[in-house]
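What follows is final10.cif (mmCIF, C-alpha atoms).
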```cif
data_coords
loop_
_atom_site.group_PDB
_atom_site.id
_atom_site.type_symbol
_atom_site.label_atom_id
_atom_site.label_comp_id
_atom_site.auth_asym_id
_atom_site.auth_seq_id
_atom_site.Cartn_x
_atom_site.Cartn_y
_atom_site.Cartn_z
ATOM 1 C CA MET A 1 13.029 41.483 38.083
ATOM 2 C CA VAL A 2 11.009 38.271 37.939
ATOM 3 C CA LEU A 3 8.690 39.329 35.105
ATOM 4 C CA PRO A 4 11.424 39.741 32.425
ATOM 5 C CA ALA A 5 12.878 36.377 33.421
ATOM 6 C CA LEU A 6 9.466 34.741 33.031
ATOM 7 C CA VAL A 7 8.940 36.356 29.628
ATOM 8 C CA LEU A 8 12.367 35.107 28.493
ATOM 9 C CA LEU A 9 11.595 31.625 29.807
ATOM 10 C CA ALA A 10 8.247 31.593 27.989
ATOM 11 C CA ALA A 11 9.920 32.723 24.755
ATOM 12 C CA MET A 12 12.525 29.984 25.029
ATOM 13 C CA LEU A 13 9.855 27.349 25.703
ATOM 14 C CA ILE A 14 7.886 28.511 22.674
ATOM 15 C CA TRP A 15 11.050 28.328 20.590
ATOM 16 C CA GLY A 16 11.623 24.768 21.784
ATOM 17 C CA VAL A 17 8.132 23.760 20.687
ATOM 18 C CA LEU A 18 8.598 25.480 17.306
ATOM 19 C CA ALA A 19 11.957 23.751 16.813
ATOM 20 C CA ALA A 20 10.417 20.366 17.667
ATOM 21 C CA ALA A 21 7.600 20.982 15.172
ATOM 22 C CA ALA A 22 10.119 21.962 12.488
ATOM 23 C CA GLN A 23 12.110 18.790 13.201
ATOM 24 C CA ILE A 24 8.997 16.656 12.776
ATOM 25 C CA ARG A 25 8.194 18.426 9.489
ATOM 26 C CA CYS A 26 11.758 17.713 8.289
ATOM 27 C CA VAL A 27 11.342 14.017 9.118
ATOM 28 C CA ASP A 28 8.032 13.887 7.254
ATOM 29 C CA ALA A 29 9.455 15.769 4.257
ATOM 30 C CA ALA A 30 12.466 13.453 4.041
ATOM 31 C CA ARG A 31 10.178 10.418 4.144
ATOM 32 C CA ILE A 32 7.887 11.822 1.457
ATOM 33 C CA GLY A 33 10.834 12.668 -0.772
ATOM 34 C CA ALA A 34 12.474 9.262 -0.290
ATOM 35 C CA ARG A 35 9.274 7.405 -1.153
ATOM 36 C CA ALA A 36 8.743 9.511 -4.265
ATOM 37 C CA ALA A 37 12.360 9.147 -5.400
ATOM 38 C CA ALA A 38 12.254 5.381 -4.788
ATOM 39 C CA ARG A 39 9.272 5.163 -7.132
ATOM 40 C CA GLY A 40 11.252 7.094 -9.738
ATOM 41 C CA GLU A 41 9.208 10.306 -9.643
ATOM 42 C CA ALA A 42 11.095 13.256 -11.118
ATOM 43 C CA ASP A 43 9.584 15.800 -8.718
ATOM 44 C CA ALA A 44 10.652 14.057 -5.488
ATOM 45 C CA ALA A 45 12.658 17.075 -4.337
ATOM 46 C CA GLU A 46 9.710 19.394 -4.959
ATOM 47 C CA LEU A 47 7.365 17.122 -2.984
ATOM 48 C CA ALA A 48 9.817 17.091 -0.087
ATOM 49 C CA ARG A 49 10.275 20.858 -0.257
ATOM 50 C CA ALA A 50 6.492 21.367 -0.157
ATOM 51 C CA ALA A 51 6.235 19.343 3.066
ATOM 52 C CA ALA A 52 9.332 20.896 4.674
ATOM 53 C CA PRO A 53 9.430 24.065 6.791
ATOM 54 C CA VAL A 54 9.958 27.429 5.100
ATOM 55 C CA GLY A 55 13.534 27.963 3.974
ATOM 56 C CA ALA A 56 14.414 24.269 3.962
ATOM 57 C CA ARG A 57 17.138 22.821 1.779
ATOM 58 C CA VAL A 58 16.410 19.432 0.194
ATOM 59 C CA ARG A 59 19.094 17.135 -1.207
ATOM 60 C CA VAL A 60 18.355 13.905 -3.122
ATOM 61 C CA VAL A 61 21.251 11.451 -3.459
ATOM 62 C CA PRO A 62 20.518 8.400 -5.646
ATOM 63 C CA ALA A 63 22.690 5.294 -5.309
ATOM 64 C CA ALA A 64 22.701 1.948 -7.107
ATOM 65 C CA ASP A 65 19.853 0.403 -5.121
ATOM 66 C CA THR A 66 18.781 3.124 -2.663
ATOM 67 C CA VAL A 67 17.974 6.809 -2.597
ATOM 68 C CA LEU A 68 18.764 9.195 0.268
ATOM 69 C CA VAL A 69 16.842 12.398 0.893
ATOM 70 C CA ALA A 70 18.228 14.950 3.357
ATOM 71 C CA VAL A 71 16.228 17.957 4.563
ATOM 72 C CA GLU A 72 17.705 20.863 6.579
ATOM 73 C CA ALA A 73 15.871 23.953 7.765
ATOM 74 C CA PRO A 74 16.672 26.937 9.979
ATOM 75 C CA CYS A 75 14.555 27.575 13.052
ATOM 76 C CA ALA A 76 14.880 31.119 14.378
ATOM 77 C CA ALA A 77 13.966 32.181 17.885
ATOM 78 C CA PRO A 78 10.710 34.120 18.239
ATOM 79 C CA GLY A 79 10.636 37.896 18.387
ATOM 80 C CA SER A 80 13.709 40.075 18.337
ATOM 81 C CA LEU A 81 15.890 37.134 19.369
ATOM 82 C CA GLY A 82 15.352 35.568 15.945
ATOM 83 C CA GLY A 83 18.300 37.376 14.413
ATOM 84 C CA LEU A 84 20.621 36.246 17.182
ATOM 85 C CA LEU A 85 19.528 32.700 17.910
ATOM 86 C CA THR A 86 18.934 30.203 15.131
ATOM 87 C CA VAL A 87 19.259 26.437 15.173
ATOM 88 C CA ARG A 88 19.274 24.118 12.194
ATOM 89 C CA VAL A 89 17.032 21.088 12.256
ATOM 90 C CA GLY A 90 17.134 18.285 9.752
ATOM 91 C CA ALA A 91 16.442 14.685 8.896
ATOM 92 C CA GLU A 92 17.466 12.005 6.430
ATOM 93 C CA ALA A 93 15.480 9.139 4.946
ATOM 94 C CA VAL A 94 16.648 6.208 2.836
ATOM 95 C CA ALA A 95 14.430 4.054 0.624
ATOM 96 C CA ALA A 96 15.124 1.111 -1.658
ATOM 97 C CA ARG A 97 14.748 2.008 -5.312
ATOM 98 C CA GLU A 98 11.845 0.100 -6.807
ATOM 99 C CA ASP A 99 13.298 0.051 -10.306
ATOM 100 C CA ALA A 100 16.494 -1.509 -8.914
ATOM 101 C CA LEU A 101 14.478 -4.223 -7.144
ATOM 102 C CA VAL A 102 12.591 -5.035 -10.336
ATOM 103 C CA GLY A 103 15.888 -5.319 -12.222
ATOM 104 C CA VAL A 104 17.282 -7.722 -9.594
ATOM 105 C CA ALA A 105 14.216 -9.985 -9.800
ATOM 106 C CA GLU A 106 14.334 -10.026 -13.603
ATOM 107 C CA GLY A 107 18.064 -10.713 -13.659
ATOM 108 C CA GLY A 108 17.719 -13.977 -11.780
ATOM 109 C CA GLY A 109 18.040 -12.580 -8.252
ATOM 110 C CA GLY A 110 14.944 -14.423 -7.122
ATOM 111 C CA ALA A 111 11.387 -13.482 -6.319
ATOM 112 C CA TRP A 112 10.199 -10.925 -3.809
ATOM 113 C CA PRO A 113 10.290 -12.148 -0.222
ATOM 114 C CA ALA A 114 6.973 -13.447 1.071
#
```
Just give me the structure as structure tokens.
Amino acid sequence: MVLPALVLLAAMLIWGVLAAAAQIRCVDAARIGARAAARGEADAAELARAAAPVGARVRVVPAADTVLVAVEAPCAAPGSLGGLLTVRVGAEAVAAREDALVGVAEGGGGAWPA
């Protein structure tokens, strides 16, 4: 009776560690994508998708002076529980657009802060 409970507990602990690792990868991918999009790189979504967990969805939302990158990924439970238990992890990152900052400085908005 105790052995199946211990196996289930171990599987759930492993799933928790895998979900935490996937969350960290989503944070890193969102940051990478936001930096690339802020610099004006066309492949910012692809860079974020390459750093994200498998099956992740990347969304890039440009605004007037910022860019937002959102990354979401599924994290299935290990083993046969994977079809039944899945959580979604995700992260968002926002960066100031560099081309917008250059335009502000040239338009009389003042110099960069020291």
Expansion of the PyMOL selection byres ((chain A and resi 63-72) around 12) into residues, as a JSON list (two decimals) with C-alpha atoms, in the coordinates of the input:
```
[["chain", "number", "residue", "atom", "x", "y", "z"],
["A", 22, "ALA", "CA", 10.12, 21.96, 12.49],
["A", 23, "GLN", "CA", 12.11, 18.79, 13.20],
["A", 24, "ILE", "CA", 9.00, 16.66, 12.78],
["A", 25, "ARG", "CA", 8.19, 18.43, 9.49],
["A", 26, "CYS", "CA", 11.76, 17.71, 8.29],
["A", 27, "VAL", "CA", 11.34, 14.02, 9.12],
["A", 28, "ASP", "CA", 8.03, 13.89, 7.25],
["A", 29, "ALA", "CA", 9.46, 15.77, 4.26],
["A", 30, "ALA", "CA", 12.47, 13.45, 4.04],
["A", 31, "ARG", "CA", 10.18, 10.42, 4.14],
["A", 32, "ILE", "CA", 7.89, 11.82, 1.46],
["A", 33, "GLY", "CA", 10.83, 12.67, -0.77],
["A", 34, "ALA", "CA", 12.47, 9.26, -0.29],
["A", 35, "ARG", "CA", 9.27, 7.40, -1.15],
["A", 36, "ALA", "CA", 8.74, 9.51, -4.26],
["A", 37, "ALA", "CA", 12.36, 9.15, -5.40],
["A", 38, "ALA", "CA", 12.25, 5.38, -4.79],
["A", 39, "ARG", "CA", 9.27, 5.16, -7.13],
["A", 40, "GLY", "CA", 11.25, 7.09, -9.74],
["A", 41, "GLU", "CA", 9.21, 10.31, -9.64],
["A", 44, "ALA", "CA", 10.65, 14.06, -5.49],
["A", 45, "ALA", "CA", 12.66, 17.08, -4.34],
["A", 46, "GLU", "CA", 9.71, 19.39, -4.96],
["A", 47, "LEU", "CA", 7.36, 17.12, -2.98],
["A", 48, "ALA", "CA", 9.82, 17.09, -0.09],
["A", 49, "ARG", "CA", 10.28, 20.86, -0.26],
["A", 50, "ALA", "CA", 6.49, 21.37, -0.16],
["A", 51, "ALA", "CA", 6.24, 19.34, 3.07],
["A", 52, "ALA", "CA", 9.33, 20.90, 4.67],
["A", 53, "PRO", "CA", 9.43, 24.06, 6.79],
["A", 54, "VAL", "CA", 9.96, 27.43, 5.10],
["A", 55, "GLY", "CA", 13.53, 27.96, 3.97],
["A", 56, "ALA", "CA", 14.41, 24.27, 3.96],
["A", 57, "ARG", "CA", 17.14, 22.82, 1.78],
["A", 58, "VAL", "CA", 16.41, 19.43, 0.19],
["A", 59, "ARG", "CA", 19.09, 17.14, -1.21],
["A", 60, "VAL", "CA", 18.36, 13.90, -3.12],
["A", 61, "VAL", "CA", 21.25, 11.45, -3.46],
["A", 62, "PRO", "CA", 20.52, 8.40, -5.65],
["A", 73, "ALA", "CA", 15.87, 23.95, 7.76],
["A", 74, "PRO", "CA", 16.67, 26.94, 9.98],
["A", 75, "CYS", "CA", 14.56, 27.58, 13.05],
["A", 87, "VAL", "CA", 19.26, 26.44, 15.17],
["A", 88, "ARG", "CA", 19.27, 24.12, 12.19],
["A", 89, "VAL", "CA", 17.03, 21.09, 12.26],
["A", 90, "GLY", "CA", 17.13, 18.28, 9.75],
["A", 91, "ALA", "CA", 16.44, 14.68, 8.90],
["A", 92, "GLU", "CA", 17.47, 12.00, 6.43],
["A", 93, "ALA", "CA", 15.48, 9.14, 4.95],
["A", 94, "VAL", "CA", 16.65, 6.21, 2.84],
["A", 95, "ALA", "CA", 14.43, 4.05, 0.62],
["A", 96, "ALA", "CA", 15.12, 1.11, -1.66],
["A", 97, "ARG", "CA", 14.75, 2.01, -5.31],
["A", 98, "GLU", "CA", 11.84, 0.10, -6.81],
["A", 99, "ASP", "CA", 13.30, 0.05, -10.31],
["A", 100, "ALA", "CA", 16.49, -1.51, -8.91],
["A", 101, "LEU", "CA", 14.48, -4.22, -7.14],
["A", 102, "VAL", "CA", 12.59, -5.04, -10.34],
["A", 103, "GLY", "CA", 15.89, -5.32, -12.22],
["A", 104, "VAL", "CA", 17.28, -7.72, -9.59]]
```
inquiry  = Quick one: residues within 12 Å of Val7 (chain A), only C-alpha atoms, excluding same-chain residues fewer than 6 positions away - as a list in words?
reply    =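 Answer for this query is Met1, Leu13, Ile14, Pro78 and Gly79 of chain A.
The space separating CA of Gly82 (chain A) from CA of Ala5 (chain A) comes to 17.7 Å.
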ask   = Quick one: distance from CA of Leu85 (chain A) to CA of Ala11 (chain A) in Å, one decimal?
value =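 These atoms are spaced 11.8 Å apart.
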query = What is the distance, in Å and to one decimal place, between CA of Ala76 (chain A) and CA of Leu3 (chain A)?
reply =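 Distance between the two atoms: 23.1 Å.
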